[in-house]
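Working notes, beginning with the structure itself.
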Amino acid sequence: MSVLELADVTYSYGDRPAVENVSMTVEPGDFLGLVGPNGSGKTTLLKLMLGLLRPDSGSVTLFGRPAHEFADGTRVGYVSQAATRKAGGMPVTVREVVTMGRYPHVGLRRFRERDTERITEALDIVGVADLADRRFSTLSGGQKQRVVIARALAADAELLALDEPTVGVDAESREAFYDLLRRLNREGLTVLLVEHDIGVVTAFATRVACINRRLFFHGDSIDFSESDALREAYGANQQLLDHHHH
Ligand code: ADP
């Protein structure tokens with residue numbers, strides 16, 4: 001079964017379509033980079049994929065169910081822009097944030113050894129074990145992203161969606177962050193990544209979807225590099241593209 005199936009999806013804010021007639025599938029194990037100029041509908045498409053927005057026409061199927069009806073939050077981890085950029089928040093520790101990811105598995109029973117192990121393992125995998133007792137709100141943006149991913153791992157998520165996760169993160173941490181995503185993907189996690197840096201996408205993602213309201217390309221990232229899709233999708237926004245290539 002595909003993770004995601006989009007069939008002729010259109011979505012407008014008011015009367016301006018932000019996403020138009022997009023059809024594509026995401027298969028288990030894909031690392032899909034969503035690229036396109038600013039305002040091209042990347043975040044909107046990601047929200048449609050996760051069922052956070054409902055298409056005006058067409059359909060989105062997530063793990064075999066209409067995305068907007070999909071209720072099993074444990075299978076999907078979402079690192080939104082807001083999740084990591086907001087300052088403040090509740091006075092919870094890193095371990096508590098990650099533990100929350102495990103609650104749906106625990107339900108009304110007590111925590112078992114396996115649950116605690118999975119939480120510790122998740123903290124280890126993303127490299128924040130040493131921060132476990134720190135308050136989440138005191139972490140840097142990059143550290144918060146890792147913690148939010150650890151929460152998804154503790155939930156045994158199968159799909160991880162991230163919206164420009166490294167904005168404001170220094171170059172070295174970005175590289176390490178994308179290495180982590182690649183490692184998790186190779187271990188079987190399906191990854192959806194909205195990213196304005198095309199170099200990152202072609203280096204780390206296995207698949208690329210290039211949109212500018214409509215879908216200009218969807219396929220292997222190696223084929224994307226050799227296609228004209230980038231130029232076509234950026235069109236009048238060519239300056240933006242050059243800007244992104246710094
Ligand atoms: P991207 O993620 O590629 O920058 P978005 O999906 O955020 O693009 O936005 C696509 C288009 O929809 C843009 O023109 C944007 O201004 C518009 N848009 C996004 N969110 C809203 C909203 N909540 N209300 C009205 N227009 C919106």
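Every chain in the structure tokens has a letter given in the order shown (A, B, ...), and although residue numbers restart at 1 in each chain, ligands are simply numbered from 1 in the order shown.
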
Environment of ligand 1 within 10 Å, counting only C-alpha atoms and all ligand atoms, reported as number ranges by chain: A: 11-19, 34-48, 163-164, 194-196, 211-213

Sel. of helix (DSSP H, G or I) residues, region 3-243 of chain A, as a PyMOL selection string: chain A and resi 42-49+67-69+73-75+81-85+94-106+113-125+129-131+136-138+141-154+171-186+198-204+221-226+229-243

Contact residues around Arg207 (chain A) with only C-alpha atoms at 6 Å, ignoring same-chain residues under 2 positions, as a list in words: Phe31, Leu32, Ala205, Gly219, Asp220 and Ser221 of chain A

CA of Arg151 (chain A) to CA of Tyr103 (chain A), straight-line distance in Å: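 Interatomic distance here is 10.3 Å.
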
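Among the candidates A:Gln145, A:Thr206, A:Gln81, A:Ser173, the residue lying nearest to Gly29 (chain A) is A:Thr206 (atoms considered: only C-alpha atoms).
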
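The neighbours of Val169 (chain A) here are the residues that come within 8 Å of it, using only C-alpha atoms and leaving out any residue fewer than 5 positions away in the same chain; they are Gly141, Gly142 and Arg174 of chain A.
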
Atomic distance CA of Phe216 (chain A) - CA of Ala233 (chain A), expressed in Å with one decimal: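 Computed distance, CA of Phe216 (chain A) to CA of Ala233 (chain A), equals 6.0 Å.
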
Polymer residues at most 12 Å from Phe177 (chain A), only C-alpha atoms, same-chain spacing of 4 or more positions, as a list of chain:residue names: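 Once the adjacent positions are removed, what remains is A:Ile125, A:Val126, A:Gly127, A:Gly141, A:Gly142, A:Gln143, A:Lys144, A:Gln145, A:Arg146, A:Val147, A:Ile149, A:Leu162, A:Glu164, A:Pro165, A:Thr166, A:Val167, A:Val169, A:Asp170, A:Ala171, A:Glu172, A:Ser173, A:Leu181, A:Arg182, A:Arg183, A:Leu184, A:Val200, A:Phe204.
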
Take the selection from the previous step and output its residues with N, CA, C and O atoms, as a tab-separated table (two decimals), in the first residue's frame.
```tsv
chain	number	residue	atom	x	y	z
A	125	ILE	N	18.89	8.14	19.56
A	125	ILE	CA	18.98	8.13	18.10
A	125	ILE	C	19.19	9.55	17.56
A	125	ILE	O	19.99	9.77	16.67
A	126	VAL	N	18.44	10.51	18.11
A	126	VAL	CA	18.54	11.87	17.57
A	126	VAL	C	19.63	12.68	18.28
A	126	VAL	O	19.85	13.85	17.95
A	127	GLY	N	20.29	12.06	19.25
A	127	GLY	CA	21.43	12.71	19.89
A	127	GLY	C	21.08	13.79	20.91
A	127	GLY	O	21.79	14.79	21.01
A	141	GLY	N	16.79	26.14	18.37
A	141	GLY	CA	15.88	25.65	17.34
A	141	GLY	C	16.25	24.26	16.84
A	141	GLY	O	15.40	23.39	16.70
A	142	GLY	N	17.54	24.07	16.59
A	142	GLY	CA	18.01	22.78	16.07
A	142	GLY	C	17.80	21.64	17.07
A	142	GLY	O	17.43	20.53	16.69
A	143	GLN	N	18.02	21.95	18.35
A	143	GLN	CA	17.81	20.93	19.38
A	143	GLN	C	16.33	20.58	19.50
A	143	GLN	O	15.96	19.42	19.63
A	144	LYS	N	15.47	21.61	19.40
A	144	LYS	CA	14.03	21.36	19.48
A	144	LYS	C	13.56	20.45	18.35
A	144	LYS	O	12.75	19.55	18.56
A	145	GLN	N	14.10	20.68	17.15
A	145	GLN	CA	13.71	19.82	16.02
A	145	GLN	C	14.02	18.37	16.30
A	145	GLN	O	13.23	17.47	16.02
A	146	ARG	N	15.19	18.14	16.87
A	146	ARG	CA	15.58	16.76	17.18
A	146	ARG	C	14.64	16.14	18.21
A	146	ARG	O	14.29	14.96	18.12
A	147	VAL	N	14.25	16.95	19.19
A	147	VAL	CA	13.35	16.45	20.23
A	147	VAL	C	11.98	16.11	19.64
A	147	VAL	O	11.38	15.07	19.96
A	149	ILE	N	11.43	15.18	16.64
A	149	ILE	CA	11.61	13.93	15.89
A	149	ILE	C	11.67	12.74	16.86
A	149	ILE	O	11.06	11.70	16.60
A	162	LEU	N	8.31	17.24	7.63
A	162	LEU	CA	9.02	18.39	8.20
A	162	LEU	C	8.90	19.58	7.26
A	162	LEU	O	9.09	19.45	6.04
A	164	GLU	N	10.49	22.99	6.34
A	164	GLU	CA	11.69	23.82	6.46
A	164	GLU	C	12.29	23.76	7.86
A	164	GLU	O	12.37	24.77	8.56
A	165	PRO	N	12.73	22.56	8.24
A	165	PRO	CA	13.14	22.36	9.64
A	165	PRO	C	14.42	23.07	10.03
A	165	PRO	O	14.66	23.26	11.22
A	166	THR	N	15.24	23.49	9.07
A	166	THR	CA	16.53	24.04	9.48
A	166	THR	C	16.65	25.54	9.28
A	166	THR	O	17.76	26.07	9.27
A	167	VAL	N	15.52	26.23	9.13
A	167	VAL	CA	15.59	27.69	9.06
A	167	VAL	C	16.18	28.19	10.38
A	167	VAL	O	15.73	27.80	11.45
A	169	VAL	N	19.10	27.50	11.54
A	169	VAL	CA	20.07	26.57	12.12
A	169	VAL	C	21.40	26.75	11.37
A	169	VAL	O	21.42	26.90	10.16
A	170	ASP	N	22.51	26.72	12.11
A	170	ASP	CA	23.80	26.96	11.45
A	170	ASP	C	24.18	25.81	10.51
A	170	ASP	O	23.67	24.70	10.64
A	171	ALA	N	25.08	26.09	9.58
A	171	ALA	CA	25.39	25.16	8.47
A	171	ALA	C	25.83	23.79	8.95
A	171	ALA	O	25.39	22.77	8.41
A	172	GLU	N	26.66	23.77	9.98
A	172	GLU	CA	27.19	22.50	10.47
A	172	GLU	C	26.07	21.63	11.07
A	172	GLU	O	25.98	20.43	10.80
A	173	SER	N	25.20	22.28	11.87
A	173	SER	CA	24.09	21.56	12.47
A	173	SER	C	23.10	21.08	11.41
A	173	SER	O	22.48	20.04	11.55
A	181	LEU	N	18.24	12.59	9.20
A	181	LEU	CA	17.05	12.24	8.42
A	181	LEU	C	17.35	11.11	7.43
A	181	LEU	O	16.55	10.20	7.27
A	182	ARG	N	18.50	11.18	6.80
A	182	ARG	CA	18.86	10.15	5.83
A	182	ARG	C	19.01	8.79	6.52
A	182	ARG	O	18.56	7.78	6.01
A	183	ARG	N	19.62	8.81	7.69
A	183	ARG	CA	19.79	7.57	8.45
A	183	ARG	C	18.43	6.97	8.83
A	183	ARG	O	18.18	5.79	8.65
A	184	LEU	N	17.53	7.82	9.34
A	184	LEU	CA	16.20	7.34	9.73
A	184	LEU	C	15.45	6.80	8.52
A	184	LEU	O	14.76	5.78	8.60
A	200	VAL	N	20.21	20.81	-0.86
A	200	VAL	CA	19.94	19.86	0.23
A	200	VAL	C	19.05	18.73	-0.29
A	200	VAL	O	19.29	17.55	-0.04
A	204	PHE	N	20.08	14.81	-0.39
A	204	PHE	CA	19.59	13.92	0.67
A	204	PHE	C	18.31	13.16	0.31
A	204	PHE	O	18.11	12.05	0.78
```

Within 9 Å of region 107-118 of chain A using only C-alpha atoms, minus same-chain residues under 5 positions, as an MDAnalysis selection string: chainID A and resid 99 102 123 153:156

Strand (DSSP E) positions in region 29-218 of chain A, given as a VMD selection string: chain A and resid 31 to 35 57 to 62 65 to 66 76 to 79 159 to 163 190 to 194 207 to 212 214 to 218

How about saving the chosen residues, N, CA, C and O atoms kept, as a short mmCIF file (atom, residue, chain, number, x, y, z; two decimals), in the first residue's frame?
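This went into part10.cif:
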```cif
data_model
loop_
_atom_site.label_atom_id
_atom_site.label_comp_id
_atom_site.auth_asym_id
_atom_site.auth_seq_id
_atom_site.Cartn_x
_atom_site.Cartn_y
_atom_site.Cartn_z
N PHE A 31 12.04 9.18 0.53
CA PHE A 31 12.45 10.43 1.18
C PHE A 31 12.15 11.51 0.14
O PHE A 31 12.91 11.70 -0.80
N LEU A 32 11.00 12.14 0.30
CA LEU A 32 10.51 13.07 -0.72
C LEU A 32 10.83 14.50 -0.33
O LEU A 32 10.41 14.97 0.73
N GLY A 33 11.55 15.19 -1.20
CA GLY A 33 11.78 16.61 -1.01
C GLY A 33 10.75 17.40 -1.80
O GLY A 33 10.58 17.17 -2.99
N LEU A 34 10.05 18.32 -1.12
CA LEU A 34 9.07 19.19 -1.79
C LEU A 34 9.74 20.54 -2.01
O LEU A 34 10.07 21.23 -1.05
N VAL A 35 9.96 20.88 -3.28
CA VAL A 35 10.63 22.14 -3.59
C VAL A 35 9.76 23.02 -4.47
O VAL A 35 8.83 22.56 -5.12
N SER A 57 -11.23 19.98 -4.31
CA SER A 57 -11.60 18.88 -5.20
C SER A 57 -10.43 17.93 -5.29
O SER A 57 -9.30 18.29 -4.96
N GLY A 58 -10.71 16.70 -5.71
CA GLY A 58 -9.69 15.67 -5.72
C GLY A 58 -9.65 14.97 -4.37
O GLY A 58 -10.43 15.31 -3.47
N SER A 59 -8.72 14.04 -4.23
CA SER A 59 -8.68 13.29 -2.97
C SER A 59 -7.25 13.02 -2.51
O SER A 59 -6.32 12.93 -3.31
N VAL A 60 -7.10 12.94 -1.19
CA VAL A 60 -5.82 12.59 -0.58
C VAL A 60 -6.05 11.37 0.30
O VAL A 60 -6.89 11.39 1.19
N THR A 61 -5.30 10.30 0.01
CA THR A 61 -5.43 9.06 0.77
C THR A 61 -4.13 8.82 1.54
O THR A 61 -3.05 8.81 0.96
N LEU A 62 -4.26 8.70 2.86
CA LEU A 62 -3.11 8.52 3.74
C LEU A 62 -3.22 7.16 4.40
O LEU A 62 -4.23 6.90 5.08
N ARG A 65 -6.60 5.59 3.88
CA ARG A 65 -7.81 6.25 4.39
C ARG A 65 -7.83 7.70 3.92
O ARG A 65 -6.78 8.30 3.72
N PRO A 66 -9.02 8.30 3.75
CA PRO A 66 -9.05 9.73 3.42
C PRO A 66 -8.24 10.50 4.46
O PRO A 66 -8.45 10.31 5.67
N VAL A 76 2.08 9.15 12.17
CA VAL A 76 2.58 10.33 11.47
C VAL A 76 3.22 11.30 12.46
O VAL A 76 2.59 11.68 13.44
N GLY A 77 4.46 11.70 12.19
CA GLY A 77 5.10 12.74 12.99
C GLY A 77 5.20 13.99 12.14
O GLY A 77 5.54 13.92 10.97
N TYR A 78 4.88 15.14 12.71
CA TYR A 78 4.86 16.38 11.94
C TYR A 78 5.69 17.44 12.68
O TYR A 78 5.37 17.80 13.80
N VAL A 79 6.74 17.89 12.03
CA VAL A 79 7.54 18.98 12.57
C VAL A 79 7.15 20.23 11.80
O VAL A 79 7.65 20.49 10.70
N LEU A 159 5.71 7.73 9.19
CA LEU A 159 5.86 8.85 8.27
C LEU A 159 6.27 10.08 9.07
O LEU A 159 5.64 10.41 10.08
N LEU A 160 7.33 10.74 8.62
CA LEU A 160 7.79 11.96 9.28
C LEU A 160 7.73 13.10 8.28
O LEU A 160 8.29 13.00 7.19
N ALA A 161 6.99 14.16 8.63
CA ALA A 161 6.84 15.31 7.73
C ALA A 161 7.48 16.52 8.39
O ALA A 161 7.25 16.80 9.56
N LEU A 162 8.31 17.24 7.63
CA LEU A 162 9.02 18.39 8.20
C LEU A 162 8.90 19.58 7.26
O LEU A 162 9.09 19.45 6.04
N ASP A 163 8.60 20.75 7.83
CA ASP A 163 8.42 21.95 7.03
C ASP A 163 9.58 22.92 7.29
O ASP A 163 9.63 23.56 8.34
N THR A 190 9.49 6.76 6.27
CA THR A 190 9.15 7.56 5.10
C THR A 190 9.23 9.04 5.50
O THR A 190 8.72 9.41 6.55
N VAL A 191 9.90 9.85 4.69
CA VAL A 191 10.15 11.25 5.06
C VAL A 191 9.59 12.19 3.98
O VAL A 191 9.81 11.98 2.79
N LEU A 192 8.86 13.21 4.43
CA LEU A 192 8.41 14.30 3.55
C LEU A 192 9.08 15.56 4.06
O LEU A 192 8.95 15.91 5.22
N LEU A 193 9.81 16.23 3.18
CA LEU A 193 10.58 17.39 3.61
C LEU A 193 10.30 18.59 2.71
O LEU A 193 10.59 18.55 1.51
N VAL A 194 9.72 19.65 3.28
CA VAL A 194 9.60 20.91 2.56
C VAL A 194 10.90 21.67 2.78
O VAL A 194 11.32 21.86 3.93
N ARG A 207 13.55 11.20 -3.65
CA ARG A 207 12.51 11.60 -4.59
C ARG A 207 12.30 13.11 -4.46
O ARG A 207 12.49 13.67 -3.39
N VAL A 208 11.87 13.72 -5.55
CA VAL A 208 11.61 15.16 -5.53
C VAL A 208 10.24 15.44 -6.12
O VAL A 208 9.86 14.83 -7.13
N ALA A 209 9.49 16.32 -5.48
CA ALA A 209 8.28 16.88 -6.10
C ALA A 209 8.52 18.38 -6.19
O ALA A 209 8.78 19.04 -5.18
N CYS A 210 8.48 18.90 -7.41
CA CYS A 210 8.72 20.33 -7.63
C CYS A 210 7.39 20.97 -8.01
O CYS A 210 6.77 20.57 -9.00
N ILE A 211 6.95 21.92 -7.18
CA ILE A 211 5.65 22.54 -7.47
C ILE A 211 5.76 24.04 -7.58
O ILE A 211 6.65 24.68 -7.01
N ASN A 212 4.89 24.59 -8.38
CA ASN A 212 4.59 26.00 -8.35
C ASN A 212 3.11 26.06 -8.67
O ASN A 212 2.73 26.16 -9.83
N ARG A 214 1.05 24.12 -9.58
CA ARG A 214 0.92 22.82 -10.25
C ARG A 214 2.18 22.01 -10.01
O ARG A 214 3.22 22.56 -9.65
N LEU A 215 2.08 20.72 -10.29
CA LEU A 215 3.24 19.83 -10.13
C LEU A 215 4.06 19.87 -11.41
O LEU A 215 3.57 19.53 -12.48
N PHE A 216 5.32 20.30 -11.29
CA PHE A 216 6.20 20.38 -12.47
C PHE A 216 7.06 19.14 -12.62
O PHE A 216 7.53 18.85 -13.71
N PHE A 217 7.32 18.47 -11.52
CA PHE A 217 8.15 17.27 -11.57
C PHE A 217 7.85 16.42 -10.36
O PHE A 217 7.67 16.92 -9.26
N HIS A 218 7.81 15.12 -10.60
CA HIS A 218 7.79 14.18 -9.48
C HIS A 218 8.54 12.94 -9.93
O HIS A 218 8.17 12.30 -10.90
#
```

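Minimum distance to Asp223 (chain A) across A:Thr202, A:Ala150, A:Gly235, A:Glu187 (counting only C-alpha atoms) occurs at A:Thr202.
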
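Minimum atom-to-atom distances from A:Val128, A:Met49, A:Ala203, A:Ala152 to Thr10 (chain A) were compared using only C-alpha atoms, and the lowest value belongs to A:Met49.
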